[in-house]
$ cat model_36.tsv   # TSV, C-alpha atoms and all ligand atoms
chain	number	residue	atom	x	y	z
A	21	MET	CA	128.15	109.87	98.30
A	22	SER	CA	125.03	107.85	97.78
A	23	ALA	CA	121.64	109.27	96.97
A	24	GLU	CA	119.12	109.77	99.75
A	25	ILE	CA	116.11	107.63	99.01
A	26	ILE	CA	112.71	108.98	100.05
A	27	VAL	CA	109.57	106.88	99.74
A	28	VAL	CA	106.22	108.64	99.54
A	29	THR	CA	103.70	106.15	100.88
A	30	SER	CA	100.34	105.87	102.67
A	31	GLY	CA	98.64	102.50	102.60
A	32	LYS	CA	95.29	103.97	101.62
A	33	GLY	CA	94.83	105.03	98.02
A	34	GLY	CA	94.05	108.46	96.67
A	35	VAL	CA	95.36	110.46	99.61
A	36	GLY	CA	97.88	112.54	97.64
A	37	LYS	CA	101.08	110.49	97.23
A	38	THR	CA	101.63	111.31	93.57
A	39	THR	CA	100.74	114.97	94.12
A	40	THR	CA	103.26	115.02	96.97
A	41	SER	CA	105.98	113.12	95.06
A	42	ALA	CA	105.78	115.59	92.18
A	43	SER	CA	105.95	118.65	94.43
A	44	LEU	CA	108.63	117.20	96.69
A	45	ALA	CA	110.86	116.28	93.74
A	46	THR	CA	110.34	119.67	92.12
A	47	GLY	CA	110.95	121.51	95.39
A	48	LEU	CA	114.22	119.67	96.04
A	49	ALA	CA	115.32	120.37	92.46
A	50	MET	CA	114.52	124.07	92.98
A	51	SER	CA	116.92	123.98	95.92
A	52	GLY	CA	119.65	122.91	93.55
A	53	LYS	CA	119.60	119.18	94.28
A	54	LYS	CA	119.87	116.59	91.57
A	55	VAL	CA	116.65	114.61	91.83
A	56	ALA	CA	115.01	111.58	90.23
A	57	VAL	CA	111.40	110.71	90.90
A	58	ILE	CA	110.26	107.16	90.17
A	59	ASP	CA	106.70	105.95	89.63
A	60	PHE	CA	106.35	102.54	91.34
A	61	ASP	CA	102.68	102.23	90.42
A	62	VAL	CA	103.24	99.65	87.67
A	63	GLY	CA	100.18	99.27	85.46
A	64	LEU	CA	98.73	102.61	86.59
A	65	ARG	CA	101.22	105.19	85.41
A	66	ASN	CA	100.25	108.68	86.61
A	67	LEU	CA	103.27	110.58	87.83
A	68	ASP	CA	104.17	111.47	84.22
A	69	LEU	CA	100.85	113.32	83.88
A	70	ILE	CA	101.26	115.22	87.13
A	71	MET	CA	104.81	116.17	86.13
A	72	GLY	CA	103.62	117.14	82.64
A	73	CYS	CA	105.94	114.82	80.72
A	74	GLU	CA	103.45	112.16	79.57
A	75	ARG	CA	104.17	112.59	75.88
A	76	ARG	CA	107.88	112.16	76.30
A	77	VAL	CA	107.83	108.68	77.84
A	78	VAL	CA	109.78	106.27	75.65
A	79	TYR	CA	111.17	103.73	78.09
A	80	ASP	CA	109.93	103.00	81.56
A	81	PHE	CA	111.04	101.57	84.92
A	82	VAL	CA	110.23	97.98	83.89
A	83	ASN	CA	112.19	98.33	80.63
A	84	VAL	CA	115.22	99.29	82.70
A	85	ILE	CA	114.77	96.48	85.20
A	86	GLN	CA	114.43	93.92	82.41
A	87	GLY	CA	117.49	95.25	80.60
A	88	GLU	CA	115.56	96.54	77.58
A	89	ALA	CA	116.81	100.09	78.12
A	90	THR	CA	119.52	101.81	80.13
A	91	ILE	CA	118.62	104.10	83.00
A	92	LYS	CA	120.01	107.03	80.98
A	93	GLN	CA	117.65	106.25	78.10
A	94	ALA	CA	114.65	105.96	80.39
A	95	LEU	CA	115.11	109.07	82.55
A	96	ILE	CA	112.97	111.93	81.28
A	97	LYS	CA	114.48	115.34	81.85
A	98	ASP	CA	112.08	117.86	83.34
A	99	LYS	CA	111.19	120.81	81.08
A	100	ARG	CA	111.61	123.36	83.85
A	101	HIS	CA	114.53	122.12	85.94
A	102	GLU	CA	117.58	120.62	84.33
A	103	ASN	CA	118.56	118.72	87.48
A	104	LEU	CA	115.18	116.92	87.75
A	105	TYR	CA	114.34	113.61	86.08
A	106	VAL	CA	111.27	111.37	85.93
A	107	LEU	CA	111.26	107.59	85.58
A	108	ALA	CA	107.79	106.52	84.45
A	109	ALA	CA	105.98	103.34	85.46
A	110	SER	CA	105.11	100.76	82.87
A	111	GLN	CA	101.55	100.93	81.59
A	112	THR	CA	101.45	97.41	80.14
A	113	ARG	CA	103.24	95.11	82.57
A	114	ASP	CA	102.10	93.99	85.97
A	115	LYS	CA	103.56	94.39	89.43
A	116	ASP	CA	105.53	91.15	89.18
A	117	ALA	CA	107.80	92.79	86.64
A	118	LEU	CA	109.48	94.60	89.55
A	119	THR	CA	112.11	92.62	91.43
A	120	GLN	CA	114.08	93.52	94.52
A	121	GLU	CA	117.41	93.06	92.72
A	122	GLY	CA	116.18	95.11	89.77
A	123	VAL	CA	115.07	97.99	91.96
A	124	GLU	CA	118.32	97.89	93.91
A	125	LYS	CA	120.34	98.08	90.70
A	126	VAL	CA	118.41	101.10	89.44
A	127	LEU	CA	118.88	102.91	92.77
A	128	ASP	CA	122.61	102.06	92.80
A	129	ASP	CA	122.99	103.36	89.26
A	130	LEU	CA	121.29	106.63	90.24
A	131	SER	CA	123.69	106.97	93.18
A	132	LYS	CA	126.66	106.45	90.88
A	133	ASP	CA	125.23	109.06	88.58
A	134	GLU	CA	125.48	111.55	91.47
A	135	PHE	CA	121.84	112.02	92.20
A	136	ASP	CA	121.27	113.66	95.59
A	137	TYR	CA	117.70	112.43	96.04
A	138	VAL	CA	115.55	109.64	94.64
A	139	ILE	CA	111.83	109.99	95.36
A	140	CYS	CA	109.84	106.76	95.17
A	141	ASP	CA	106.12	107.32	94.51
A	142	SER	CA	104.52	104.24	96.05
A	143	PRO	CA	101.34	102.59	94.83
A	144	ALA	CA	98.50	102.24	97.34
A	145	GLY	CA	98.21	99.11	99.44
A	146	ILE	CA	100.83	97.00	101.16
A	147	GLU	CA	101.49	94.54	98.34
A	148	LYS	CA	104.64	94.01	96.34
A	149	GLY	CA	104.79	97.41	94.64
A	150	ALA	CA	104.38	99.29	97.91
A	151	HIS	CA	106.84	96.98	99.62
A	152	LEU	CA	109.52	97.51	96.97
A	153	ALA	CA	108.97	101.28	96.97
A	154	MET	CA	109.76	101.45	100.70
A	155	TYR	CA	112.33	98.66	100.99
A	156	PHE	CA	115.47	100.67	100.20
A	157	ALA	CA	114.31	103.98	101.71
A	158	ASP	CA	116.36	106.19	104.01
A	159	HIS	CA	113.40	108.50	104.65
A	160	ALA	CA	109.66	108.04	104.42
A	161	MET	CA	107.04	110.65	103.77
A	162	VAL	CA	103.83	109.10	105.06
A	163	VAL	CA	100.92	110.93	103.47
A	164	VAL	CA	97.77	110.96	105.56
A	165	ASN	CA	94.33	112.59	105.29
A	166	PRO	CA	92.36	113.66	108.38
A	167	GLU	CA	90.01	110.72	108.03
A	168	VAL	CA	89.68	107.44	109.97
A	169	SER	CA	90.72	104.87	107.37
A	170	SER	CA	93.68	106.92	106.20
A	171	VAL	CA	94.97	107.43	109.75
A	172	ARG	CA	94.66	103.75	110.58
A	173	ASP	CA	96.42	102.73	107.36
A	174	SER	CA	99.26	105.14	107.98
A	175	ASP	CA	99.86	103.57	111.37
A	176	ARG	CA	100.09	100.22	109.62
A	177	ILE	CA	102.61	101.70	107.18
A	178	LEU	CA	104.68	103.19	110.02
A	179	GLY	CA	104.87	99.68	111.46
A	180	LEU	CA	106.04	98.22	108.15
A	181	LEU	CA	108.67	100.95	107.75
A	182	ALA	CA	110.06	99.94	111.13
A	183	SER	CA	110.23	96.24	110.29
A	184	LYS	CA	110.06	95.45	106.57
A	185	THR	CA	112.78	97.69	105.14
A	186	ARG	CA	116.43	97.06	104.40
A	187	ARG	CA	117.48	99.41	107.19
A	188	ALA	CA	115.29	97.56	109.68
A	189	GLU	CA	116.45	94.13	108.54
A	190	ARG	CA	120.11	95.04	108.69
A	191	ASP	CA	119.82	96.97	111.95
A	192	ASN	CA	121.31	99.84	110.04
A	193	GLY	CA	119.63	102.72	111.82
A	194	SER	CA	115.99	103.16	110.92
A	195	VAL	CA	114.04	104.81	108.17
A	196	THR	CA	113.37	108.44	109.16
A	197	GLN	CA	109.62	108.81	109.37
A	198	HIS	CA	107.87	112.02	108.36
A	199	LEU	CA	104.14	112.51	108.52
A	200	LEU	CA	102.52	114.79	105.95
A	201	LEU	CA	98.89	115.71	106.57
A	202	THR	CA	97.16	116.65	103.32
A	203	ARG	CA	93.69	117.75	102.19
A	204	TYR	CA	93.28	119.60	105.48
A	205	ASN	CA	90.20	121.75	105.83
A	206	PRO	CA	90.58	124.21	108.75
A	207	SER	CA	86.93	125.33	108.63
A	208	ARG	CA	85.69	121.78	109.06
A	209	VAL	CA	88.21	121.23	111.85
A	210	GLU	CA	86.90	124.33	113.63
A	211	GLN	CA	83.36	122.97	113.32
A	212	GLY	CA	84.48	119.72	114.94
A	213	GLU	CA	83.77	117.79	111.76
A	214	MET	CA	87.32	116.82	110.91
A	215	LEU	CA	90.30	115.49	112.88
A	216	SER	CA	92.75	118.27	113.72
A	217	VAL	CA	96.53	118.28	113.24
A	218	LYS	CA	96.88	117.70	116.96
A	219	ASP	CA	94.41	114.78	116.93
A	220	VAL	CA	96.34	113.02	114.18
A	221	GLU	CA	99.68	113.67	115.87
A	222	GLU	CA	98.36	112.31	119.16
A	223	ILE	CA	96.85	109.18	117.65
A	224	LEU	CA	99.95	108.29	115.65
A	225	GLY	CA	102.48	109.54	118.20
A	226	ILE	CA	104.50	111.44	115.60
A	227	ASN	CA	104.62	115.11	114.64
A	228	VAL	CA	103.78	116.33	111.16
A	229	ILE	CA	106.46	117.78	108.89
A	230	GLY	CA	103.81	119.73	107.03
A	231	VAL	CA	100.12	120.32	106.56
A	232	ILE	CA	98.79	120.80	103.03
A	233	PRO	CA	95.36	122.40	102.91
A	234	GLU	CA	92.58	121.10	100.70
A	235	SER	CA	92.88	123.36	97.69
A	236	GLU	CA	91.28	123.87	94.28
A	237	ASN	CA	94.70	124.70	92.92
A	238	VAL	CA	95.75	121.05	93.17
A	239	LEU	CA	93.25	120.05	90.49
A	240	ALA	CA	94.23	123.03	88.35
A	241	ALA	CA	97.88	122.01	88.71
A	242	SER	CA	97.25	118.42	87.68
A	243	ASN	CA	95.03	119.57	84.82
A	244	SER	CA	97.94	121.52	83.41
A	245	GLY	CA	100.74	119.09	84.32
A	246	VAL	CA	102.54	121.58	86.55
A	247	PRO	CA	103.31	120.39	90.11
A	248	VAL	CA	101.34	122.54	92.55
A	249	ILE	CA	104.52	123.63	94.35
A	250	LEU	CA	105.20	125.83	91.32
A	251	ASP	CA	101.93	127.69	91.92
A	252	ASP	CA	103.27	130.46	94.12
A	253	ASN	CA	99.87	131.93	94.80
A	254	SER	CA	98.25	128.79	96.11
A	255	HIS	CA	98.28	127.88	99.78
A	256	ALA	CA	98.88	124.24	98.87
A	257	GLY	CA	101.94	125.24	96.84
A	258	GLN	CA	103.30	127.40	99.65
A	259	ALA	CA	102.68	124.65	102.19
A	260	TYR	CA	104.65	122.23	100.00
A	261	ARG	CA	107.51	124.76	99.82
A	262	ASP	CA	107.57	124.97	103.60
A	263	THR	CA	107.60	121.18	103.83
A	264	VAL	CA	110.58	120.86	101.48
A	265	ALA	CA	112.44	123.54	103.44
A	266	ARG	CA	111.81	121.64	106.68
A	267	LEU	CA	113.00	118.43	105.09
A	268	LEU	CA	116.23	120.26	104.26
A	269	GLY	CA	116.61	121.29	107.89
A	270	GLU	CA	115.01	124.73	108.04
A	271	THR	CA	112.57	125.59	110.81
A	272	ARG	CA	109.41	127.17	109.51
A	273	PRO	CA	106.13	127.80	111.33
A	274	MET	CA	103.07	125.89	110.13
A	275	ARG	CA	100.75	128.02	108.01
A	276	PHE	CA	97.16	127.77	106.79
A	277	LEU	CA	95.93	125.94	109.88
A	278	ASP	CA	93.19	128.45	110.65
A	279	ALA	CA	89.94	128.95	108.80
A	280	PRO	CA	89.78	132.18	106.84
A	281	LYS	CA	87.96	134.84	108.85
A	282	LYS	CA	84.44	135.33	107.62
A	283	GLY	CA	83.54	138.74	106.22
A	284	PHE	CA	80.53	140.79	107.32
A	285	PHE	CA	78.32	139.50	104.52
A	286	GLN	CA	79.12	135.87	105.32
A	287	ARG	CA	78.57	136.41	109.02
A	288	VAL	CA	75.11	137.82	108.41
A	289	PHE	CA	73.97	135.45	105.71
A	290	GLY	CA	75.98	132.38	106.60
A	291	GLY	CA	78.11	130.43	104.16
B	19	MET	CA	75.84	132.68	113.37
B	20	GLY	CA	74.19	133.85	110.18
B	21	ILE	CA	70.43	134.36	110.17
B	22	LEU	CA	70.09	131.78	107.44
B	23	ASP	CA	72.18	129.18	109.22
B	24	PHE	CA	69.22	127.36	110.68
B	25	LEU	CA	67.95	126.73	107.17
B	26	LYS	CA	71.06	124.83	106.23
B	27	ARG	CA	71.66	121.42	107.74
B	28	LYS	CA	75.10	121.27	109.26
B	29	PRO	CA	77.03	117.99	109.48
B	30	GLU	CA	77.39	116.66	113.02
B	31	PRO	CA	80.62	117.42	114.86
B	32	THR	CA	81.95	113.86	114.73
B	33	ALA	CA	85.71	114.45	114.91
B	34	ALA	CA	85.83	113.58	118.61
B	35	VAL	CA	84.18	110.23	117.93
B	36	ALA	CA	86.67	109.53	115.15
B	37	LYS	CA	89.57	110.36	117.44
B	38	GLU	CA	88.38	108.09	120.22
B	39	ARG	CA	87.75	105.15	117.87
B	40	LEU	CA	91.16	105.59	116.26
B	41	ARG	CA	92.90	105.85	119.62
B	42	ILE	CA	91.53	102.44	120.61
B	43	ILE	CA	91.99	100.57	117.36
B	44	VAL	CA	95.49	101.91	116.75
B	45	ALA	CA	96.57	100.92	120.27
B	46	GLN	CA	95.11	97.46	119.78
B	47	GLU	CA	96.72	96.96	116.39
B	48	ARG	CA	100.08	98.18	117.65
B	49	SER	CA	100.04	95.81	120.58
B	50	THR	CA	99.42	92.79	118.36
B	51	ARG	CA	101.74	93.88	115.55
B	52	GLY	CA	104.06	91.10	114.49
B	53	ALA	CA	102.20	88.77	116.83
B	54	PRO	CA	100.89	85.40	115.62
B	55	ASP	CA	97.94	85.83	113.26
B	56	TYR	CA	95.80	83.31	115.11
B	57	LEU	CA	95.08	85.95	117.76
B	58	PRO	CA	91.73	87.13	116.35
B	59	LEU	CA	90.59	83.51	116.11
B	60	LEU	CA	91.81	82.79	119.61
B	61	ARG	CA	89.92	85.80	120.83
B	62	ASN	CA	86.76	84.53	119.21
B	63	GLU	CA	87.04	81.03	120.63
B	64	LEU	CA	87.73	82.45	124.06
B	65	LEU	CA	84.56	84.44	123.72
B	66	GLU	CA	82.61	81.24	123.08
B	67	VAL	CA	84.02	79.66	126.23
B	68	ILE	CA	83.53	82.72	128.42
B	69	LYS	CA	79.98	83.10	127.18
B	70	LYS	CA	79.06	79.82	128.81
B	71	TYR	CA	79.56	81.56	132.13
B	72	VAL	CA	79.12	85.29	131.59
B	73	ASN	CA	77.37	87.24	128.92
B	74	VAL	CA	80.05	89.36	127.29
B	75	ASP	CA	80.66	90.42	123.73
B	76	LEU	CA	83.82	90.47	121.65
B	77	GLU	CA	84.70	94.06	122.50
B	78	ALA	CA	85.03	93.09	126.17
B	79	ILE	CA	87.99	90.83	125.43
B	80	ASN	CA	91.36	92.47	125.09
B	81	ILE	CA	94.46	90.66	123.93
B	82	ASN	CA	97.91	92.14	124.30
B	83	VAL	CA	101.29	90.79	123.42
B	84	GLU	CA	104.02	92.21	125.63
B	85	ARG	CA	107.61	91.73	124.64
B	86	ASP	CA	110.19	91.68	127.43
B	87	ALA	CA	113.84	90.82	127.24
B	88	GLY	CA	113.84	87.43	125.58
B	89	HIS	CA	110.24	86.39	126.15
B	90	GLU	CA	106.72	87.27	125.14
B	91	VAL	CA	103.71	87.47	127.38
B	92	LEU	CA	100.20	86.99	126.08
B	93	GLU	CA	98.00	89.24	128.16
B	94	LEU	CA	94.27	88.70	128.31
B	95	SER	CA	91.67	90.83	129.94
B	96	VAL	CA	87.92	90.42	130.01
B	97	ALA	CA	85.68	93.27	131.08
B	98	LEU	CA	82.79	91.70	133.00
B	99	PRO	CA	79.28	93.13	132.83
B	100	ASP	CA	77.70	94.31	136.10
B	101	GLY	CA	76.86	91.08	137.84
B	102	LYS	CA	74.61	89.29	135.37
B	103	PRO	CA	75.17	85.55	135.28
B	104	ALA	CA	75.02	83.85	131.90
B	105	GLY	CA	72.00	81.74	132.76
B	106	SER	CA	69.57	84.59	132.62
B	107	ALA	CA	70.75	86.48	129.54
B	108	ALA	CA	72.75	84.18	127.33
B	109	THR	CA	71.93	80.82	125.91
C	1	LIG	N1	95.71	119.20	98.92
C	1	LIG	C1	94.79	118.76	98.04
C	1	LIG	N2	93.67	119.49	97.79
C	1	LIG	C2	92.74	119.06	96.91
C	1	LIG	N3	92.83	117.93	96.20
C	1	LIG	C3	93.93	117.15	96.39
C	1	LIG	C4	94.96	117.51	97.32
C	1	LIG	N4	95.91	116.56	97.29
C	1	LIG	C5	95.50	115.64	96.39
C	1	LIG	N5	94.31	115.98	95.83
C	1	LIG	C6	93.54	115.25	94.83
C	1	LIG	O1	93.32	113.94	95.29
C	1	LIG	C7	93.33	113.01	94.23
C	1	LIG	C8	94.34	111.90	94.54
C	1	LIG	O2	95.65	112.46	94.56
C	1	LIG	P1	96.93	111.60	94.16
C	1	LIG	O3	96.77	111.01	92.82
C	1	LIG	O4	98.12	112.44	94.41
C	1	LIG	O5	96.81	110.46	95.26
C	1	LIG	P2	97.63	109.09	95.36
C	1	LIG	O6	97.79	108.82	96.80
C	1	LIG	O7	98.84	109.15	94.52
C	1	LIG	O8	96.59	108.06	94.70
C	1	LIG	P3	96.89	106.51	94.35
C	1	LIG	O9	96.82	105.77	95.65
C	1	LIG	O10	95.78	106.14	93.43
C	1	LIG	O11	98.24	106.46	93.72
C	1	LIG	C9	93.68	113.79	93.00
C	1	LIG	O12	92.51	114.06	92.30
C	1	LIG	C10	94.30	115.07	93.52
C	1	LIG	O13	94.08	116.15	92.65
C	2	MG	MG	99.59	107.78	93.00

$ encode --input "model_36.tsv" --output "structure tokens" --more "lines below"
Ligand SMILES: Nc1ncnc2c1ncn2[C@@H]1O[C@H](COP(=O)(O)OP(=O)(O)OP(=O)(O)O)[C@@H](O)[C@H]1O
Ligand SMILES: [Mg+2]
Amino acid sequence: MSAEIIVVTSGKGGVGKTTTSASLATGLAMSGKKVAVIDFDVGLRNLDLIMGCERRVVYDFVNVIQGEATIKQALIKDKRHENLYVLAASQTRDKDALTQEGVEKVLDDLSKDEFDYVICDSPAGIEKGAHLAMYFADHAMVVVNPEVSSVRDSDRILGLLASKTRRAERDNGSVTQHLLLTRYNPSRVEQGEMLSVKDVEEILGINVIGVIPESENVLAASNSGVPVILDDNSHAGQAYRDTVARLLGETRPMRFLDAPKKGFFQRVFGG
Amino acid sequence: MGILDFLKRKPEPTAAVAKERLRIIVAQERSTRGAPDYLPLLRNELLEVIKKYVNVDLEAININVERDAGHEVLELSVALPDGKPAGSAAT
């Protein structure tokens, strides 16, 4: 059995890829899967912070690719889930340190080591790092915000997934495409100020696998280095749980798509 | 509506505009995906030629690349303005 490779990608920067990678990896691990999550953002390491393992990084992805460390030495075991591992990006090298053969070898080694899932947290853009993060993918989680430049970029990325990946080049089926709409604000959608789920689905011609609301808890989660999916009380965390369940084949209704009903006080005084 | 609502300036409901703009640009970008990258330049030079006869702007020129079994068709369409010859408006 080889590991299923999932790339988390977007084109546009800052839309929530790393947040999503951390929660997706954690959620899959909570379902009993053996999971590795790799930071492809060479030079701008961040996943370690969001996963809360920044002080335990000894070797990184580039060290492994250049043969300076083994994959076993470089994988950081998660504090909370024993079947979850993080492979940090290098902070000192540049993007050219990643090679296609090197990435392939790391992914093969993870497969041999009986990982069920490898999550690839892509850097922004469509340059080398983003290309390598998606190249070997079986599935793609395209993260999009309800905003014009993000939607346009995600269409660009969907095009690249269909043409510039190993599966596409070898005519070996295609990369399964999932659209994840994040930073969704139902009140603004109701006011006609923000694209709705339906708008985004219509424009891109693909249905969403989940909708993550804009939530204060995401910042709190990254402040404390605990992926937001572990925050049971937050809507964002619950929406990520639903998304992971759907990815594993469950059917779950979409939640948190409606604005909270205003109370009497708010109706009278606005707000 | 709260009584104080009129005191607060609300952002304009612009989502519909965003949707329409995206619909058009995404369709255009999809149709020229993987097509030769001289297309934007071609479109511009065509504009120069057409302008000698009719006063149109760049948005009026649509380029599509259709792929059929084994061959590609470059499809061009120019939306003409309502009956104004170039002589009067353009130079
Ligand atoms: N659902 C959400 N609600 C509120 N804030 C969010 C949400 N998702 C992400 N953010 C915030 O958005 C910012 C960018 O998130 P993140 O780092 O995950 O994006 P990214 O796509 O990985 O960025 P980059 O392209 O730089 O790698 C962060 O400050 C994060 O806390
Ligand atoms: Mg990131």

$ closest_residue --input "model_36.tsv" --among "A:Gly63, A:Pro166, A:Pro143, A:Gly257" --to "chain B" --atoms "only C-alpha atoms"
A:Pro166

$ residues_near_ligand --input "model_36.tsv" --ligand "ligand MG 2 (chain C)" --cutoff "12 Å" --atoms "all atoms listed in the file" --output "ChimeraX atom specification"
/A:28-42,58-70,108-109,140-145,149-150,163

$ closest_residue --input "model_36.tsv" --among "A:Glu270, A:Glu222, A:Glu234, A:Asp129" --to "chain B" --atoms "all atoms listed in the file"
A:Glu222

$ atom_distance --input "model_36.tsv" --atom1 "atom CA of Val164 of chain A" --atom2 "atom CA of Leu200 of chain A"
6.1 Å

$ residues_around --input "model_36.tsv" --residues "Ile223 of chain A" --least-positions-apart "6" --cutoff "9 Å" --atoms "all atoms listed in the file" --output "compact mmCIF listing (two decimals) with C-alpha atoms, in the coordinates of the input"
# COMPACT_ATOMS: atom_id res chain seq x y z
CA VAL A 171 94.97 107.43 109.75
CA ASP A 175 99.86 103.57 111.37
CA LYS B 37 89.57 110.36 117.44
CA GLU B 38 88.38 108.09 120.22
CA LEU B 40 91.16 105.59 116.26
CA ARG B 41 92.90 105.85 119.62
CA VAL B 44 95.49 101.91 116.75
CA ALA B 45 96.57 100.92 120.27

$ closest_residue --input "model_36.tsv" --among "A:Met161, A:Met71, A:Leu107, A:Leu224" --to "chain B" --atoms "only C-alpha atoms"
A:Leu224
